[in-house]
>>> print(open('entry_3.pdb').read())   # PDB, C-alpha atoms
ATOM      1  CA  MET A   1       0.000   0.000   0.000
ATOM      2  CA  GLN A   2       1.279   3.456  -0.909
ATOM      3  CA  ALA A   3       1.763   6.142   1.670
ATOM      4  CA  PRO A   4      -0.875   8.916   1.534
ATOM      5  CA  GLY A   5       1.673  11.542   0.486
ATOM      6  CA  ARG A   6       2.986   9.416  -2.339
ATOM      7  CA  ARG A   7      -0.525   8.632  -3.582
ATOM      8  CA  GLU A   8      -1.359  12.347  -3.731
ATOM      9  CA  ARG A   9       1.859  13.108  -5.636
ATOM     10  CA  ASN A  10       0.995  10.359  -8.140
ATOM     11  CA  ARG A  11      -2.506  11.752  -8.625
ATOM     12  CA  ALA A  12      -1.143  15.262  -9.089
ATOM     13  CA  LEU A  13       1.353  13.956 -11.630
ATOM     14  CA  LEU A  14      -1.408  12.129 -13.531
ATOM     15  CA  ARG A  15      -3.537  15.287 -13.614
ATOM     16  CA  ARG A  16      -0.625  17.300 -15.024
ATOM     17  CA  MET A  17       0.090  14.585 -17.595
ATOM     18  CA  ALA A  18      -3.571  14.601 -18.635
ATOM     19  CA  LEU A  19      -3.229  18.304 -19.445
ATOM     20  CA  LEU A  20      -0.149  17.757 -21.597
ATOM     21  CA  PRO A  21      -2.026  16.914 -24.845
ATOM     22  CA  LEU A  22      -4.248  19.953 -24.351
ATOM     23  CA  LEU A  23      -1.252  22.226 -23.874
ATOM     24  CA  ILE A  24       0.552  20.783 -26.871
ATOM     25  CA  CYS A  25      -2.562  21.277 -28.964
ATOM     26  CA  LEU A  26      -2.977  24.831 -27.713
ATOM     27  CA  PHE A  27       0.611  25.846 -28.440
ATOM     28  CA  ALA A  28       0.731  24.101 -31.809
ATOM     29  CA  GLY A  29      -2.540  25.630 -32.963
ATOM     30  CA  CYS A  30      -4.086  22.153 -33.362
ATOM     31  CA  ASN A  31      -3.933  22.454 -37.111
ATOM     32  CA  GLY A  32      -0.241  22.555 -37.719
ATOM     33  CA  GLY A  33       0.388  26.023 -36.303
ATOM     34  CA  THR A  34       1.442  29.032 -38.311
ATOM     35  CA  VAL A  35       2.561  28.394 -41.867
ATOM     36  CA  ASP A  36       6.016  29.789 -42.498
ATOM     37  CA  LEU A  37       8.032  29.564 -45.702
ATOM     38  CA  HIS A  38       9.639  26.252 -44.716
ATOM     39  CA  ALA A  39       6.267  24.659 -43.870
ATOM     40  CA  LEU A  40       4.775  25.984 -47.109
ATOM     41  CA  GLN A  41       7.581  24.391 -49.130
ATOM     42  CA  ASN A  42       7.165  21.075 -47.307
ATOM     43  CA  ASP A  43       3.395  21.116 -47.804
ATOM     44  CA  SER A  44       3.798  22.081 -51.465
ATOM     45  CA  ASP A  45       6.193  19.181 -52.020
ATOM     46  CA  ALA A  46       3.775  16.787 -50.307
ATOM     47  CA  ILE A  47       0.855  18.037 -52.431
ATOM     48  CA  ASP A  48       2.888  17.631 -55.623
ATOM     49  CA  SER A  49       3.811  14.136 -54.479
ATOM     50  CA  LEU A  50       0.130  13.251 -54.046
ATOM     51  CA  ALA A  51      -0.573  14.415 -57.605
ATOM     52  CA  CYS A  52       2.352  12.428 -59.006
ATOM     53  CA  GLU A  53       1.365   9.319 -57.077
ATOM     54  CA  GLY A  54      -2.158   9.769 -58.433
ATOM     55  CA  ALA A  55      -0.726  10.051 -61.962
ATOM     56  CA  LEU A  56       1.155   6.772 -61.493
ATOM     57  CA  LEU A  57      -2.029   5.122 -60.266
ATOM     58  CA  ALA A  58      -3.980   6.563 -63.212
ATOM     59  CA  ASN A  59      -1.354   5.142 -65.548
ATOM     60  CA  GLU A  60      -1.786   1.693 -63.994
ATOM     61  CA  ILE A  61      -5.561   1.931 -64.383
ATOM     62  CA  ALA A  62      -5.225   3.151 -67.973
ATOM     63  CA  ASN A  63      -3.026   0.144 -68.769
ATOM     64  CA  ASP A  64      -5.207  -2.373 -66.890
ATOM     65  CA  ALA A  65      -2.268  -3.033 -64.565
ATOM     66  CA  SER A  66      -4.094  -2.516 -61.279
ATOM     67  CA  ILE A  67      -6.826  -4.285 -59.366
ATOM     68  CA  SER A  68      -9.958  -2.097 -59.303
ATOM     69  CA  THR A  69     -10.503  -2.407 -55.554
ATOM     70  CA  PHE A  70      -6.933  -1.350 -54.827
ATOM     71  CA  SER A  71      -7.199   1.521 -57.304
ATOM     72  CA  ARG A  72     -10.458   2.778 -55.836
ATOM     73  CA  VAL A  73      -9.218   2.633 -52.249
ATOM     74  CA  HIS A  74      -5.813   4.112 -53.035
ATOM     75  CA  ALA A  75      -7.288   6.978 -55.072
ATOM     76  CA  GLY A  76      -9.716   7.683 -52.221
ATOM     77  CA  GLN A  77      -6.882   7.841 -49.711
ATOM     78  CA  LEU A  78      -4.893  10.200 -51.915
ATOM     79  CA  GLN A  79      -7.991  12.351 -52.400
ATOM     80  CA  GLN A  80      -8.544  12.588 -48.644
ATOM     81  CA  ARG A  81      -4.950  13.610 -47.999
ATOM     82  CA  ALA A  82      -5.109  16.313 -50.676
ATOM     83  CA  ALA A  83      -8.433  17.542 -49.278
ATOM     84  CA  ASN A  84      -6.867  17.730 -45.813
ATOM     85  CA  PHE A  85      -4.116  19.967 -47.195
ATOM     86  CA  GLU A  86      -6.736  22.140 -48.881
ATOM     87  CA  ASP A  87      -8.646  22.520 -45.634
ATOM     88  CA  ALA A  88      -5.599  23.213 -43.481
ATOM     89  CA  LEU A  89      -3.930  25.675 -45.848
ATOM     90  CA  SER A  90      -7.213  27.545 -46.323
ATOM     91  CA  LYS A  91      -7.465  28.288 -42.606
ATOM     92  CA  ARG A  92      -4.075  28.223 -40.929
ATOM     93  CA  PRO A  93      -2.451  31.509 -39.969
ATOM     94  CA  THR A  94       0.603  32.482 -41.993
ATOM     95  CA  THR A  95       3.747  34.452 -41.415
ATOM     96  CA  PRO A  96       3.598  37.932 -42.939
ATOM     97  CA  GLY A  97       3.915  38.155 -46.693
ATOM     98  CA  ILE A  98       3.050  34.577 -47.678
ATOM     99  CA  GLN A  99      -0.693  34.376 -47.102
ATOM    100  CA  LYS A 100      -1.531  34.563 -50.833
ATOM    101  CA  ALA A 101       0.976  31.805 -51.651
ATOM    102  CA  VAL A 102      -0.462  29.623 -48.883
ATOM    103  CA  ARG A 103      -4.036  30.161 -50.047
ATOM    104  CA  ASP A 104      -2.989  29.496 -53.667
ATOM    105  CA  GLU A 105      -1.443  26.216 -52.532
ATOM    106  CA  ALA A 106      -4.743  25.389 -50.801
ATOM    107  CA  LYS A 107      -6.565  25.915 -54.112
ATOM    108  CA  LYS A 108      -4.036  23.700 -55.892
ATOM    109  CA  ALA A 109      -4.548  20.972 -53.272
ATOM    110  CA  GLY A 110      -8.301  21.294 -53.839
ATOM    111  CA  ALA A 111      -7.898  20.913 -57.591
ATOM    112  CA  ILE A 112      -5.746  17.826 -57.063
ATOM    113  CA  ALA A 113      -8.289  16.423 -54.600
ATOM    114  CA  ASP A 114     -11.004  16.894 -57.221
ATOM    115  CA  LEU A 115      -8.952  15.041 -59.859
ATOM    116  CA  LEU A 116      -8.192  12.245 -57.409
ATOM    117  CA  GLY A 117     -11.890  12.085 -56.547
ATOM    118  CA  ARG A 118     -12.683  11.542 -60.225
ATOM    119  CA  LEU A 119     -10.038   8.825 -60.336
ATOM    120  CA  HIS A 120     -11.624   7.233 -57.264
ATOM    121  CA  GLU A 121     -15.047   7.284 -58.925
ATOM    122  CA  ASN A 122     -13.676   5.911 -62.216
ATOM    123  CA  ALA A 123     -11.184   3.343 -60.936
ATOM    124  CA  THR A 124     -12.360   0.825 -63.531
ATOM    125  CA  ASP A 125     -12.374   3.172 -66.537
ATOM    126  CA  PRO A 126      -9.036   3.136 -68.412
ATOM    127  CA  GLU A 127     -10.055   5.972 -70.740
ATOM    128  CA  THR A 128     -10.957   8.366 -67.926
ATOM    129  CA  ALA A 129      -7.824   7.367 -66.022
ATOM    130  CA  ALA A 130      -5.664   8.129 -69.059
ATOM    131  CA  GLY A 131      -7.090  11.639 -69.242
ATOM    132  CA  LEU A 132      -6.647  12.210 -65.517
ATOM    133  CA  LYS A 133      -3.039  11.026 -65.654
ATOM    134  CA  GLY A 134      -1.936  14.013 -67.727
ATOM    135  CA  ARG A 135      -3.862  16.494 -65.624
ATOM    136  CA  LEU A 136      -2.404  15.103 -62.390
ATOM    137  CA  GLU A 137       1.108  15.208 -63.872
ATOM    138  CA  GLN A 138       0.569  18.829 -64.859
ATOM    139  CA  GLN A 139      -0.757  19.822 -61.432
ATOM    140  CA  GLY A 140       2.075  18.045 -59.621
ATOM    141  CA  GLY A 141       4.859  19.063 -61.973
ATOM    142  CA  CYS A 142       5.753  15.396 -62.347
ATOM    143  CA  ALA A 143       8.768  14.541 -64.453
TER     144      ALA A 143
END
>>> encode(input="entry_3.pdb", output="structure tokens")
Amino acid sequence: MQAPGRRERNRALLRRMALLPLLICLFAGCNGGTVDLHALQNDSDAIDSLACEGALLANEIANDASISTFSRVHAGQLQQRAANFEDALSKRPTTPGIQKAVRDEAKKAGAIADLLGRLHENATDPETAAGLKGRLEQQGGCA
């Protein structure tokens, strides 16, 4: 059995630890915090990567080289990630001077999410996938 003083210290410690996630969330802004130039570049690279991955998937669909269930699920996951970037970059505070660039990147993420949504809906249509491939490559600047 623990001594009363030790039990109280343990309870106090547990209460403080329970507040830790709240404090972290509060200080981080709960949505990634303020977007600075470095974060914008990282997010932009990630968004381009989603578009390029979608283009590769579209190419597989266009060439009947992918299982439709996999294609549908994978395109849906890519769409959701792009939509999350759109949402976050539309709302997050920015450092001075880059707000327009951040909001433009949000619009780009939204356009990519829309294309990936079409790929998700047409995961068994090689012709549609072929058309989406080029548009995703263009949006993502894929080589």
>>> resolve_selection(input="entry_3.pdb", expression="the PyMOL selection byres ((chain A and resi 36) around 8)", output="JSON, numbers by chain")
{"A": [34, 35, 37, 38, 39, 40, 94, 95, 98]}
>>> closest_residue(input="entry_3.pdb", among="A:Ser71, A:Ile61, A:Ala143, A:Glu86", to="Gly110 in chain A", atoms="all atoms listed in the file")
A:Glu86
>>> residues_around(input="entry_3.pdb", residues="Asp125 in chain A", least_positions_apart="4", cutoff="12 Å", atoms="only C-alpha atoms", output="ChimeraX atom specification")
/A:58-64,66-68,71-72,118-121,129-132
>>> residues_around(input="entry_3.pdb", residues="range 87-90 of chain A", least_positions_apart="5", cutoff="9 Å", atoms="only C-alpha atoms", output="PyMOL selection string")
chain A and resi 31-32+35+40+43+82+102-107+109-110
>>> residues_around(input="entry_3.pdb", residues="Leu116 in chain A", least_positions_apart="5", cutoff="7 Å", atoms="only C-alpha atoms", output="ChimeraX atom specification")
/A:54,75,78-79
>>> closest_residue(input="entry_3.pdb", among="A:Thr69, A:Gln139, A:Ser49, A:Gln77", to="Lys108 in chain A", atoms="all atoms listed in the file")
A:Gln139
>>> residues_near_point(input="entry_3.pdb", point="(7.0, 18.2, -63.7)", cutoff="12 Å", atoms="only C-alpha atoms", output="list of chain:residue names")
A:Asp45, A:Asp48, A:Ser49, A:Ala51, A:Cys52, A:Ala55, A:Gly134, A:Arg135, A:Leu136, A:Glu137, A:Gln138, A:Gln139, A:Gly140, A:Gly141, A:Cys142, A:Ala143
>>> write_last_selection(input="entry_3.pdb", atoms="C-alpha atoms", output="compact mmCIF listing (two decimals), in the frame of the given file")
# COMPACT_ATOMS: atom_id res chain seq x y z
CA ASP A 45 6.19 19.18 -52.02
CA ASP A 48 2.89 17.63 -55.62
CA SER A 49 3.81 14.14 -54.48
CA ALA A 51 -0.57 14.42 -57.60
CA CYS A 52 2.35 12.43 -59.01
CA ALA A 55 -0.73 10.05 -61.96
CA GLY A 134 -1.94 14.01 -67.73
CA ARG A 135 -3.86 16.49 -65.62
CA LEU A 136 -2.40 15.10 -62.39
CA GLU A 137 1.11 15.21 -63.87
CA GLN A 138 0.57 18.83 -64.86
CA GLN A 139 -0.76 19.82 -61.43
CA GLY A 140 2.08 18.05 -59.62
CA GLY A 141 4.86 19.06 -61.97
CA CYS A 142 5.75 15.40 -62.35
CA ALA A 143 8.77 14.54 -64.45
>>> atom_distance(input="entry_3.pdb", atom1="CA of Gly33 in chain A", atom2="CA of Asp114 in chain A")
25.5 Å
>>> atom_distance(input="entry_3.pdb", atom1="CA of His74 in chain A", atom2="CA of Ala101 in chain A")
28.5 Å
>>> atom_distance(input="entry_3.pdb", atom1="CA of Ile47 in chain A", atom2="CA of Phe85 in chain A")
7.5 Å
>>> axis_aligned_box(input="entry_3.pdb", around="range 108-119 of chain A", padding_each_side="6 Å", output="lines of an AutoDock Vina configuration file")
center_x = -8.4
center_y = 16.3
center_z = -56.8
size_x = 20.6
size_y = 26.9
size_z = 19.1
